[in-house]
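S.K.: Structure file protein_30.tsv (TSV, C-alpha atoms and all ligand atoms) right here:
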```tsv
chain	number	residue	atom	x	y	z
A	16	MET	CA	19.23	-15.74	20.77
A	17	ILE	CA	18.90	-12.43	19.01
A	18	SER	CA	15.68	-10.66	18.13
A	19	VAL	CA	14.38	-7.53	16.38
A	20	THR	CA	10.86	-6.09	16.03
A	21	CYS	CA	9.91	-3.51	13.42
A	22	VAL	CA	6.87	-1.79	11.94
A	23	ALA	CA	6.38	-0.96	8.26
A	24	PRO	CA	3.78	1.16	6.48
A	25	VAL	CA	1.10	0.58	3.88
A	26	ASN	CA	1.54	2.50	0.63
A	27	ILE	CA	-1.18	3.48	-1.83
A	28	ALA	CA	-0.25	3.84	-5.49
A	29	LEU	CA	-1.04	7.09	-7.31
A	30	ILE	CA	0.27	5.66	-10.59
A	31	LYS	CA	-0.47	1.97	-10.48
A	32	TYR	CA	1.87	-0.99	-10.87
A	33	TRP	CA	-0.06	-3.51	-12.97
A	34	GLY	CA	1.69	-6.20	-15.00
A	35	LYS	CA	5.01	-8.02	-14.78
A	36	ARG	CA	7.73	-8.59	-17.34
A	37	HIS	CA	9.27	-11.31	-15.13
A	38	GLU	CA	7.10	-13.39	-12.79
A	39	ASP	CA	9.68	-14.74	-10.32
A	40	LEU	CA	11.88	-11.68	-10.03
A	41	ILE	CA	8.73	-9.51	-9.94
A	42	LEU	CA	9.82	-7.01	-12.57
A	43	PRO	CA	7.04	-4.60	-13.57
A	44	VAL	CA	6.04	-3.46	-17.05
A	45	ASN	CA	5.86	0.18	-15.92
A	46	ASP	CA	7.12	2.61	-13.27
A	47	SER	CA	4.74	3.40	-10.41
A	48	ILE	CA	4.48	6.15	-7.77
A	49	SER	CA	2.93	5.80	-4.32
A	50	MET	CA	2.39	7.66	-1.09
A	51	THR	CA	3.35	5.97	2.17
A	52	LEU	CA	0.71	6.11	4.91
A	53	SER	CA	1.45	6.78	8.56
A	54	THR	CA	2.16	3.65	10.64
A	55	ASP	CA	0.13	5.21	13.49
A	56	GLU	CA	-3.11	4.11	11.80
A	57	LEU	CA	-2.09	1.19	9.54
A	58	CYS	CA	1.01	-0.98	9.77
A	59	ALA	CA	2.52	-4.43	9.72
A	60	LYS	CA	4.57	-5.45	12.74
A	61	THR	CA	7.16	-8.23	12.59
A	62	THR	CA	9.49	-9.91	15.08
A	63	VAL	CA	12.38	-11.99	13.77
A	64	THR	CA	14.28	-14.13	16.26
A	65	ALA	CA	17.43	-16.08	15.36
A	66	SER	CA	18.77	-18.85	17.59
A	67	GLU	CA	21.27	-21.68	17.33
A	68	THR	CA	18.71	-23.91	19.07
A	69	PHE	CA	15.95	-23.48	16.44
A	70	GLU	CA	15.74	-26.57	14.22
A	71	ARG	CA	14.06	-24.99	11.22
A	72	ASN	CA	12.73	-21.69	9.92
A	73	ARG	CA	9.13	-21.04	11.00
A	74	MET	CA	6.69	-18.22	10.44
A	75	TRP	CA	3.35	-17.12	11.96
A	76	LEU	CA	1.08	-14.66	10.18
A	77	ASN	CA	-1.59	-13.05	12.39
A	78	GLY	CA	-1.07	-15.94	14.84
A	79	GLU	CA	-1.44	-18.79	12.29
A	80	GLU	CA	1.61	-20.77	11.25
A	81	VAL	CA	2.32	-20.54	7.51
A	82	PRO	CA	4.52	-22.97	5.54
A	83	PHE	CA	8.10	-21.91	4.83
A	84	GLU	CA	8.25	-23.58	1.46
A	85	GLU	CA	11.26	-23.95	-0.82
A	86	GLY	CA	10.87	-21.61	-3.79
A	87	SER	CA	8.24	-19.44	-2.05
A	88	ARG	CA	8.44	-15.63	-2.07
A	89	LEU	CA	9.22	-15.80	1.64
A	90	GLN	CA	12.14	-18.16	1.09
A	91	ARG	CA	13.40	-16.00	-1.78
A	92	CYS	CA	13.47	-12.88	0.41
A	93	LEU	CA	15.38	-14.71	3.11
A	94	LYS	CA	17.95	-16.07	0.64
A	95	GLU	CA	18.47	-12.61	-0.83
A	96	VAL	CA	19.03	-11.08	2.61
A	97	HIS	CA	21.55	-13.84	3.40
A	98	ARG	CA	23.33	-13.07	0.14
A	99	LEU	CA	23.56	-9.38	1.05
A	100	ALA	CA	24.76	-10.22	4.58
A	101	VAL	CA	27.55	-12.42	3.19
A	102	ALA	CA	28.49	-9.78	0.59
A	103	LYS	CA	28.72	-7.15	3.34
A	104	GLY	CA	30.68	-9.47	5.64
A	105	SER	CA	28.04	-9.00	8.38
A	106	GLN	CA	28.96	-11.13	11.42
A	107	LYS	CA	26.02	-10.19	13.64
A	108	VAL	CA	24.11	-13.46	13.24
A	109	PRO	CA	25.74	-16.74	12.14
A	110	PRO	CA	24.16	-17.79	8.82
A	111	SER	CA	23.49	-21.30	10.17
A	112	TRP	CA	21.07	-20.00	12.85
A	113	LYS	CA	17.44	-20.65	11.96
A	114	LEU	CA	14.73	-17.99	12.27
A	115	HIS	CA	11.32	-17.76	13.89
A	116	ILE	CA	9.22	-14.95	12.43
A	117	ALA	CA	5.89	-13.57	13.64
A	118	SER	CA	4.01	-10.90	11.72
A	119	VAL	CA	0.70	-9.14	12.34
A	120	ASN	CA	-1.27	-6.36	10.67
A	121	ASN	CA	-2.88	-3.80	12.94
A	122	PHE	CA	-5.85	-3.63	10.56
A	123	PRO	CA	-8.31	-6.38	9.62
A	124	THR	CA	-7.29	-8.30	6.50
A	125	ALA	CA	-11.00	-8.29	5.69
A	126	ALA	CA	-10.67	-4.55	5.09
A	127	GLY	CA	-8.98	-5.55	1.84
A	128	LEU	CA	-6.16	-3.06	2.28
A	129	ALA	CA	-2.70	-3.68	0.86
A	130	SER	CA	-1.43	-6.00	3.55
A	131	SER	CA	1.18	-7.80	1.43
A	132	ALA	CA	3.11	-4.59	0.72
A	133	ALA	CA	3.40	-3.68	4.41
A	134	GLY	CA	3.99	-7.32	5.37
A	135	TYR	CA	6.91	-8.01	3.02
A	136	ALA	CA	8.42	-4.57	3.61
A	137	CYS	CA	8.32	-5.29	7.34
A	138	LEU	CA	9.83	-8.75	6.92
A	139	VAL	CA	12.70	-7.51	4.75
A	140	TYR	CA	13.35	-4.46	6.92
A	141	SER	CA	13.38	-6.60	10.09
A	142	LEU	CA	15.81	-9.05	8.46
A	143	SER	CA	18.02	-6.14	7.43
A	144	ARG	CA	18.18	-4.95	11.06
A	145	LEU	CA	18.90	-8.49	12.26
A	146	TYR	CA	21.78	-8.99	9.81
A	147	ASP	CA	22.95	-5.39	9.98
A	148	ILE	CA	22.41	-4.56	6.32
A	149	PRO	CA	21.81	-0.93	5.32
A	150	LEU	CA	18.49	0.29	3.92
A	151	ASN	CA	19.37	1.22	0.35
A	152	GLU	CA	18.13	0.63	-3.19
A	153	GLU	CA	19.50	-2.89	-3.20
A	154	LEU	CA	17.30	-3.77	-0.22
A	155	THR	CA	14.26	-2.57	-2.17
A	156	THR	CA	15.05	-5.24	-4.81
A	157	VAL	CA	14.66	-7.84	-2.03
A	158	ALA	CA	11.29	-6.52	-0.82
A	159	ARG	CA	10.18	-6.35	-4.47
A	160	GLN	CA	10.64	-10.11	-4.70
A	161	GLY	CA	8.19	-10.62	-1.82
A	162	SER	CA	5.46	-8.51	-3.41
A	163	GLY	CA	6.07	-5.88	-6.06
A	164	SER	CA	4.37	-3.03	-4.24
A	165	ALA	CA	6.35	-3.87	-1.04
A	166	CYS	CA	9.52	-2.21	-2.39
A	167	ARG	CA	7.74	1.17	-2.17
A	168	SER	CA	6.92	0.65	1.56
A	169	LEU	CA	10.63	0.76	2.51
A	170	TYR	CA	10.54	4.55	2.26
A	171	GLY	CA	8.29	7.22	3.70
A	172	GLY	CA	6.70	10.10	1.81
A	173	PHE	CA	6.38	9.82	-1.95
A	174	VAL	CA	8.13	6.94	-3.67
A	175	GLN	CA	8.80	5.85	-7.25
A	176	TRP	CA	9.43	2.23	-8.23
A	177	HIS	CA	11.54	2.32	-11.39
A	178	ARG	CA	10.76	-0.55	-13.73
A	179	GLY	CA	14.42	-0.90	-14.70
A	180	ALA	CA	15.77	-2.38	-17.92
A	181	LEU	CA	18.11	-5.17	-16.84
A	182	ASP	CA	17.05	-8.83	-17.01
A	183	ASN	CA	18.40	-9.56	-13.50
A	184	GLY	CA	16.24	-6.81	-11.95
A	185	SER	CA	19.11	-5.05	-10.17
A	186	ASP	CA	17.92	-1.69	-11.52
A	187	SER	CA	14.23	-2.28	-10.68
A	188	VAL	CA	14.41	-0.29	-7.44
A	189	ALA	CA	12.32	2.05	-5.33
A	190	LYS	CA	13.59	5.58	-4.68
A	191	GLN	CA	12.12	8.33	-2.55
A	192	ILE	CA	10.80	11.33	-4.49
A	193	ALA	CA	10.14	13.43	-1.37
A	194	PRO	CA	10.03	12.67	2.38
A	195	SER	CA	6.81	12.84	4.40
A	196	ASP	CA	7.60	16.30	5.81
A	197	HIS	CA	7.72	17.70	2.28
A	198	TRP	CA	3.89	17.69	2.11
A	199	PRO	CA	2.78	16.94	5.69
A	200	ASP	CA	-0.80	18.14	5.18
A	201	MET	CA	-1.50	15.43	2.59
A	202	HIS	CA	-4.22	13.37	4.29
A	203	VAL	CA	-6.23	10.33	3.26
A	204	LEU	CA	-9.74	9.08	4.02
A	205	ILE	CA	-10.06	5.35	3.38
A	206	LEU	CA	-13.65	4.37	2.75
A	207	VAL	CA	-13.86	0.66	3.59
A	208	VAL	CA	-16.73	-0.61	1.47
A	209	ASN	CA	-19.05	-3.45	2.50
A	210	ASP	CA	-18.44	-6.20	-0.04
A	211	ALA	CA	-18.51	-9.97	0.14
A	212	ARG	CA	-17.57	-10.97	-3.40
A	213	LYS	CA	-14.56	-13.15	-4.10
A	214	LYS	CA	-12.05	-11.26	-6.19
A	215	THR	CA	-9.19	-12.21	-8.48
A	216	ALA	CA	-5.92	-11.76	-6.57
A	217	SER	CA	-3.62	-9.04	-7.97
A	218	THR	CA	-0.88	-11.49	-8.98
A	219	ARG	CA	-3.23	-13.58	-11.12
A	220	GLY	CA	-5.20	-10.57	-12.41
A	221	MET	CA	-2.13	-8.79	-13.73
A	222	GLN	CA	-0.85	-11.98	-15.41
A	223	GLN	CA	-4.09	-12.18	-17.34
A	224	SER	CA	-3.94	-8.48	-18.22
A	225	VAL	CA	-0.44	-8.78	-19.69
A	226	LYS	CA	-1.58	-11.81	-21.71
A	227	THR	CA	-4.89	-10.51	-23.00
A	228	SER	CA	-5.29	-6.71	-22.73
A	229	GLN	CA	-4.43	-4.49	-25.68
A	230	LEU	CA	-5.06	-1.40	-23.62
A	231	ILE	CA	-2.22	-2.27	-21.24
A	232	LYS	CA	0.29	-1.85	-24.08
A	233	HIS	CA	-0.94	1.66	-24.79
A	234	ARG	CA	-0.88	2.43	-21.07
A	235	VAL	CA	2.70	1.22	-20.60
A	236	ASP	CA	4.17	2.80	-23.75
A	237	GLN	CA	2.22	6.03	-24.11
A	238	VAL	CA	0.45	7.00	-20.91
A	239	VAL	CA	2.48	6.11	-17.83
A	240	PRO	CA	5.86	7.71	-18.79
A	241	ASP	CA	4.25	11.12	-19.25
A	242	ARG	CA	2.17	10.80	-16.06
A	243	ILE	CA	5.27	9.86	-14.05
A	244	THR	CA	7.09	13.04	-15.14
A	245	LYS	CA	4.06	15.24	-14.42
A	246	LEU	CA	3.21	13.67	-11.06
A	247	ARG	CA	6.81	13.97	-9.84
A	248	GLN	CA	6.67	17.65	-10.71
A	249	ALA	CA	3.26	18.08	-9.03
A	250	ILE	CA	4.57	16.50	-5.82
A	251	ARG	CA	7.71	18.67	-5.86
A	252	SER	CA	5.67	21.85	-6.29
A	253	HIS	CA	2.76	20.92	-3.95
A	254	ASP	CA	0.40	21.20	-6.90
A	255	PHE	CA	-2.74	19.44	-5.60
A	256	GLN	CA	-4.72	20.17	-8.79
A	257	THR	CA	-2.36	18.21	-11.06
A	258	PHE	CA	-1.78	15.58	-8.35
A	259	ALA	CA	-5.55	14.97	-8.08
A	260	GLU	CA	-6.21	14.78	-11.80
A	261	ILE	CA	-3.36	12.34	-12.53
A	262	THR	CA	-4.29	10.17	-9.53
A	263	MET	CA	-7.95	9.85	-10.53
A	264	LYS	CA	-7.18	9.29	-14.21
A	265	ASP	CA	-4.63	6.63	-13.40
A	266	SER	CA	-6.99	4.77	-11.09
A	267	ASN	CA	-9.62	4.86	-13.84
A	268	GLN	CA	-7.18	3.60	-16.44
A	269	PHE	CA	-5.99	0.77	-14.23
A	270	HIS	CA	-9.61	-0.39	-13.81
A	271	ALA	CA	-10.17	0.04	-17.55
A	272	VAL	CA	-7.22	-2.32	-18.13
A	273	ALA	CA	-8.73	-4.72	-15.60
A	274	LEU	CA	-12.00	-4.67	-17.59
A	275	ASP	CA	-10.09	-5.01	-20.87
A	276	THR	CA	-8.56	-8.21	-19.48
A	277	TYR	CA	-10.18	-11.35	-20.83
A	278	PRO	CA	-12.05	-12.69	-18.91
A	279	PRO	CA	-12.43	-9.28	-17.22
A	280	CYS	CA	-11.29	-8.52	-13.67
A	281	VAL	CA	-13.92	-6.50	-11.85
A	282	TYR	CA	-12.59	-4.88	-8.70
A	283	MET	CA	-14.85	-1.87	-8.17
A	284	ASN	CA	-18.50	-2.36	-7.22
A	285	ASP	CA	-21.58	-0.10	-7.40
A	286	VAL	CA	-20.60	1.73	-4.22
A	287	SER	CA	-17.10	2.35	-5.62
A	288	HIS	CA	-18.65	3.86	-8.75
A	289	SER	CA	-20.94	6.08	-6.73
A	290	ILE	CA	-17.91	7.30	-4.76
A	291	VAL	CA	-16.33	8.29	-8.11
A	292	SER	CA	-19.42	10.28	-9.14
A	293	PHE	CA	-19.65	11.83	-5.70
A	294	VAL	CA	-16.01	13.05	-5.82
A	295	HIS	CA	-16.55	14.58	-9.27
A	296	ASP	CA	-19.79	16.29	-8.16
A	297	TYR	CA	-18.13	17.50	-4.98
A	298	ASN	CA	-15.08	18.93	-6.77
A	299	GLU	CA	-17.32	20.67	-9.27
A	300	ARG	CA	-19.29	22.34	-6.51
A	301	MET	CA	-16.12	23.40	-4.73
A	302	GLY	CA	-14.79	24.97	-7.93
A	303	SER	CA	-11.46	23.04	-7.94
A	304	TYR	CA	-10.11	19.65	-6.91
A	305	HIS	CA	-10.56	19.25	-3.16
A	306	ALA	CA	-10.46	15.43	-3.19
A	307	ALA	CA	-8.94	12.72	-5.40
A	308	TYR	CA	-9.98	9.06	-5.38
A	309	THR	CA	-7.94	5.98	-6.11
A	310	PHE	CA	-8.96	2.30	-6.00
A	311	ASP	CA	-6.64	-0.73	-5.88
A	312	ALA	CA	-7.67	-4.29	-6.70
A	313	GLY	CA	-10.81	-4.07	-4.56
A	314	PRO	CA	-13.86	-1.85	-3.96
A	315	ASN	CA	-12.40	0.41	-1.19
A	316	ALA	CA	-11.68	4.04	-1.98
A	317	CYS	CA	-8.71	6.09	-0.83
A	318	LEU	CA	-9.50	9.78	-0.98
A	319	TYR	CA	-6.51	12.12	-0.98
A	320	VAL	CA	-7.35	15.48	0.57
A	321	LEU	CA	-5.39	18.37	2.10
A	322	ALA	CA	-5.70	18.62	5.91
A	323	GLU	CA	-7.63	21.89	5.81
A	324	ASN	CA	-10.32	20.29	3.61
A	325	VAL	CA	-10.79	17.06	5.61
A	326	PRO	CA	-13.71	18.20	7.82
A	327	HIS	CA	-15.72	19.59	4.91
A	328	LEU	CA	-15.08	16.55	2.71
A	329	LEU	CA	-16.03	14.22	5.55
A	330	SER	CA	-19.30	16.05	6.16
A	331	ALA	CA	-20.10	15.70	2.45
A	332	VAL	CA	-19.21	11.96	2.55
A	333	GLN	CA	-21.44	11.53	5.61
A	334	LYS	CA	-24.29	13.32	3.90
A	335	VAL	CA	-24.11	11.34	0.67
A	336	PHE	CA	-23.31	7.98	2.32
A	337	PRO	CA	-25.22	8.08	5.62
A	338	ASN	CA	-24.72	5.37	8.20
A	339	ASP	CA	-26.80	4.52	11.21
A	340	LEU	CA	-24.09	2.89	13.26
A	341	THR	CA	-24.61	4.44	16.63
A	342	ASP	CA	-21.04	3.86	17.82
A	343	GLY	CA	-19.19	6.64	16.03
A	344	SER	CA	-15.84	5.65	17.53
A	345	THR	CA	-15.67	2.39	15.56
A	346	TYR	CA	-17.07	3.94	12.38
A	347	LEU	CA	-14.67	6.88	12.21
A	348	ARG	CA	-11.16	5.58	12.92
A	349	GLY	CA	-7.68	7.03	12.94
A	350	LEU	CA	-6.75	10.69	13.23
A	351	PRO	CA	-9.33	12.90	14.92
A	352	ILE	CA	-11.34	15.19	12.63
A	353	PRO	CA	-11.16	18.80	13.81
A	354	GLU	CA	-14.50	20.52	14.31
A	355	VAL	CA	-14.52	23.57	12.09
A	356	GLU	CA	-17.17	26.06	11.41
A	357	ASN	CA	-18.77	24.97	8.20
A	358	THR	CA	-19.13	28.02	6.04
A	359	GLU	CA	-19.68	26.14	2.82
A	360	SER	CA	-22.39	23.67	3.81
A	361	SER	CA	-24.75	25.08	1.17
A	362	LYS	CA	-22.44	23.68	-1.51
A	363	ILE	CA	-23.18	20.13	-0.47
A	364	ASP	CA	-26.89	20.52	0.28
A	365	SER	CA	-27.97	19.41	-3.17
A	366	LEU	CA	-25.67	16.36	-3.48
A	367	ASP	CA	-27.58	13.12	-4.16
A	368	VAL	CA	-27.90	10.84	-1.15
A	369	HIS	CA	-26.83	7.22	-1.59
A	370	ALA	CA	-28.28	4.14	0.14
A	371	LYS	CA	-27.44	3.82	3.84
A	372	ASN	CA	-24.54	1.88	5.38
A	373	ALA	CA	-22.41	1.55	2.26
A	374	PHE	CA	-19.18	1.56	4.30
A	375	ARG	CA	-17.96	-0.66	7.10
A	376	TYR	CA	-15.88	2.21	8.44
A	377	ILE	CA	-13.76	5.20	7.48
A	378	ILE	CA	-10.07	5.56	8.37
A	379	HIS	CA	-8.51	9.00	8.55
A	380	THR	CA	-4.73	8.92	8.07
A	381	LYS	CA	-1.94	10.89	6.40
A	382	VAL	CA	1.41	10.67	4.69
A	383	GLY	CA	3.99	8.94	6.90
A	384	GLU	CA	7.49	7.66	7.43
A	385	GLY	CA	9.14	4.43	6.32
A	386	PRO	CA	9.76	1.36	8.53
A	387	SER	CA	11.30	1.64	11.97
A	388	GLU	CA	12.69	-0.64	14.66
A	389	LEU	CA	10.80	-0.85	17.95
A	390	GLY	CA	12.68	-1.00	21.22
A	391	ALA	CA	11.58	-3.57	23.72
A	392	GLU	CA	8.40	-4.88	22.07
A	393	SER	CA	8.26	-8.42	20.69
A	394	LEU	CA	5.67	-10.72	19.11
A	395	LEU	CA	7.67	-13.82	20.12
A	396	MET	CA	8.43	-15.19	23.55
A	397	ASN	CA	11.06	-17.95	23.70
A	398	GLY	CA	10.68	-18.24	19.94
A	399	LEU	CA	6.90	-18.79	19.94
A	400	PRO	CA	4.10	-16.30	19.20
A	401	LEU	CA	2.69	-14.62	22.31
A	402	GLU	CA	-0.87	-15.55	21.42
A	403	HIS	CA	0.17	-19.16	20.66
B	1	LIG	C1	-3.39	-2.69	-7.70
B	1	LIG	O1	2.20	-5.88	-5.25
B	1	LIG	O2	0.07	-7.06	-4.55
B	1	LIG	O3	-2.21	-2.49	-5.64
B	1	LIG	O4	3.72	-8.18	-7.04
B	1	LIG	O5	2.04	-9.94	-7.55
B	1	LIG	O6	2.56	-9.37	-5.17
B	1	LIG	P1	2.46	-8.87	-6.60
B	1	LIG	O7	1.28	-7.78	-6.63
B	1	LIG	P2	0.95	-6.59	-5.65
B	1	LIG	O8	0.09	-5.66	-6.66
B	1	LIG	C2	-0.38	-4.42	-6.29
B	1	LIG	C3	-1.26	-3.88	-7.37
B	1	LIG	C4	-2.02	-2.62	-7.04
B	1	LIG	C5	-1.33	-1.38	-7.60
B	1	LIG	C6	-0.12	-0.86	-6.86
B	1	LIG	O9	0.00	-1.03	-5.63
B	1	LIG	O10	0.73	-0.23	-7.53
```
With the file now loaded, output its structure as structure tokens.

M.R.:
Amino acid sequence: MISVTCVAPVNIALIKYWGKRHEDLILPVNDSISMTLSTDELCAKTTVTASETFERNRMWLNGEEVPFEEGSRLQRCLKEVHRLAVAKGSQKVPPSWKLHIASVNNFPTAAGLASSAAGYACLVYSLSRLYDIPLNEELTTVARQGSGSACRSLYGGFVQWHRGALDNGSDSVAKQIAPSDHWPDMHVLILVVNDARKKTASTRGMQQSVKTSQLIKHRVDQVVPDRITKLRQAIRSHDFQTFAEITMKDSNQFHAVALDTYPPCVYMNDVSHSIVSFVHDYNERMGSYHAAYTFDAGPNACLYVLAENVPHLLSAVQKVFPNDLTDGSTYLRGLPIPEVENTESSKIDSLDVHAKNAFRYIIHTKVGEGPSELGAESLLMNGLPLEH
């Protein structure tokens, strides 16, 4: 029996991936750029155990067994890893040995955060450790086939997923633009919005957009290529002003495409829209961009903010979106917020106050590293989940 356990990060897109040119291979219609978040606050954790005594492949997700179906994305990732192992002549695990896989997220799925990206990145990275395959661009093509955005979670820092041109997808790879220590004071506040509506899943939503939206064509041909060049440059030169403007505009355009889809996909709600107005008001009062919002296929906001501006931004958020949860430790999660003397409180005095309790909680995190292997920890004991 041989076993590995790894963690992998969540990534949040700055320039969004939306739309596929090949459904099964998961080839995107445009390049995208993301920032990887620290695994200390948000991560997927996966144990893969191989044994000659296992009769079939099995998988448990957050403790529940999930089917290992022929033709599924899961099966496809496994086949691709086997192919790479054979090509590399890796002898570490006999290919006939079946696998038991357990995976958990350390954040509630209900939070609506990108769990599939971290999950598939963790699966593929764990398999690569098990079969002794190097982490390189080719491995990102495997994670991509689990969930498109997962290929970006194989690297830390700032990452670009290149759409590629080839029909077989071998050039549709993720590459690191800059490691996490290039811009270590890039922090994020995730505002987890209270929302109970049922939403269109990303996979289905983007299919509809490609079929029906005219705006997506303009986005792919005219807008994204230029934004990619400018954002890469902004990241390289630590230019938060350009970074913030491109990030906010791209989030807005992605949601415009979602609304231009027929029937429309509505991901942001009223609270999301008031966060957008708040950030614009706030930046105006501060005299330059101090915060940048982005929204994925759901109502939660990710606010990018430099470390030195976190306490002031958070006090403004708390003023505009008050909550009366008495237990502050479950409301404010993640990295501690340093107490600083607030010299600029007058600037936020006149901000409009929103209705109470708009957020479930707020997570404070920052740019982080790619996946890593954990030493002794395991989610499986004798091939079965610990909580089984
Ligand atoms: C809005 O990667 O979840 O988060 O490839 O169909 O699994 P599939 O979709 P997925 O889509 C993510 C879309 C997004 C934008 C982004 O992360 O770039």

S.K.: Compile a residue-level contact table for region 150-200 of chain A against region 246-259 of chain A at a cut-off of 12 Å, reporting for every qualifying residue the shortest atom pair and its distance in Å to one decimal, with only C-alpha atoms counted, rows ordered by chain and ascending number, as CSV.

M.R.:
```
residue,atom,partner,partner_atom,distance
A:Gly172,CA,A:Ile250,CA,10.2
A:Phe173,CA,A:Ile250,CA,7.9
A:Val174,CA,A:Arg247,CA,9.4
A:Gln175,CA,A:Arg247,CA,8.8
A:Lys190,CA,A:Arg247,CA,12.0
A:Gln191,CA,A:Arg247,CA,10.6
A:Ile192,CA,A:Arg247,CA,7.2
A:Ala193,CA,A:Arg251,CA,7.3
A:Pro194,CA,A:Arg251,CA,10.5
A:Ser195,CA,A:Ile250,CA,11.1
A:Asp196,CA,A:His253,CA,11.8
A:His197,CA,A:Arg251,CA,8.2
A:Trp198,CA,A:His253,CA,7.0
A:Pro199,CA,A:His253,CA,10.4
A:Asp200,CA,A:His253,CA,10.2
```

S.K.: Please compute the CA of Asn267 (chain A)-CA of Trp176 (chain A) distance, one decimal, in Å.

M.R.: 20.0 Å

S.K.: Which is closer to Leu29 (chain A) than all the others in A:Glu67, A:Asp311, A:Asp236, A:Glu84, using all atoms listed in the file?

M.R.: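 Smallest distance to Leu29 (chain A) is found for A:Asp311.
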
S.K.: What's the 6 Å shell around Ala165 (chain A), counting only C-alpha atoms, without same-chain residues fewer than 6 positions away, as a JSON list (two decimals) with C-alpha atoms, in the frame of the given file?

M.R.:
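That gives us out.json:
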```
[["chain", "number", "residue", "atom", "x", "y", "z"],
["A", 132, "ALA", "CA", 3.11, -4.59, 0.72],
["A", 135, "TYR", "CA", 6.91, -8.01, 3.02],
["A", 136, "ALA", "CA", 8.42, -4.57, 3.61],
["A", 158, "ALA", "CA", 11.29, -6.52, -0.82],
["A", 159, "ARG", "CA", 10.18, -6.35, -4.47]]
```

S.K.: Please provide as a VMD selection string all residues within 9 Å of Lys362 (chain A), with the sequence filter that same-chain residues fewer than 5 positions apart are discarded (counting all atoms listed in the file).

M.R.: chain A and resid 297 300 to 301

S.K.: Counting only C-alpha atoms and all ligand atoms, what are the residues, protein, DNA or RNA alike, that approach ligand LIG 1 (chain B) to within 10 Å? I want them as an NGL selection string.

M.R.: :A and (25-35 or 38-43 or 45-49 or 88 or 128-133 or 135 or 158-167 or 176 or 216-222 or 266 or 269-270 or 273 or 282 or 309-313)

S.K.: Quick one: distance from CA of Val208 (chain A) to CA of Ser289 (chain A) in Å, one decimal?

M.R.: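 CA of Val208 (chain A) sits 11.4 Å away from CA of Ser289 (chain A).
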
S.K.: Within 12 Å of Val332 (chain A), counting only C-alpha atoms, which residues qualify if same-chain residues fewer than 5 places away don't, as a ChimeraX atom specification?

M.R.: /A:204-206,289-294,296-297,306,316,318,325-327,337-338,347,363-364,366-369,371-374,376-377

S.K.: Using the selection just defined, write its residues with C-alpha atoms as a CSV table (one decimal), in the coordinates of the input.

M.R.:
```csv
chain,number,residue,atom,x,y,z
A,204,LEU,CA,-9.7,9.1,4.0
A,205,ILE,CA,-10.1,5.4,3.4
A,206,LEU,CA,-13.6,4.4,2.8
A,289,SER,CA,-20.9,6.1,-6.7
A,290,ILE,CA,-17.9,7.3,-4.8
A,291,VAL,CA,-16.3,8.3,-8.1
A,292,SER,CA,-19.4,10.3,-9.1
A,293,PHE,CA,-19.6,11.8,-5.7
A,294,VAL,CA,-16.0,13.0,-5.8
A,296,ASP,CA,-19.8,16.3,-8.2
A,297,TYR,CA,-18.1,17.5,-5.0
A,306,ALA,CA,-10.5,15.4,-3.2
A,316,ALA,CA,-11.7,4.0,-2.0
A,318,LEU,CA,-9.5,9.8,-1.0
A,325,VAL,CA,-10.8,17.1,5.6
A,326,PRO,CA,-13.7,18.2,7.8
A,327,HIS,CA,-15.7,19.6,4.9
A,337,PRO,CA,-25.2,8.1,5.6
A,338,ASN,CA,-24.7,5.4,8.2
A,347,LEU,CA,-14.7,6.9,12.2
A,363,ILE,CA,-23.2,20.1,-0.5
A,364,ASP,CA,-26.9,20.5,0.3
A,366,LEU,CA,-25.7,16.4,-3.5
A,367,ASP,CA,-27.6,13.1,-4.2
A,368,VAL,CA,-27.9,10.8,-1.2
A,369,HIS,CA,-26.8,7.2,-1.6
A,371,LYS,CA,-27.4,3.8,3.8
A,372,ASN,CA,-24.5,1.9,5.4
A,373,ALA,CA,-22.4,1.6,2.3
A,374,PHE,CA,-19.2,1.6,4.3
A,376,TYR,CA,-15.9,2.2,8.4
A,377,ILE,CA,-13.8,5.2,7.5
```
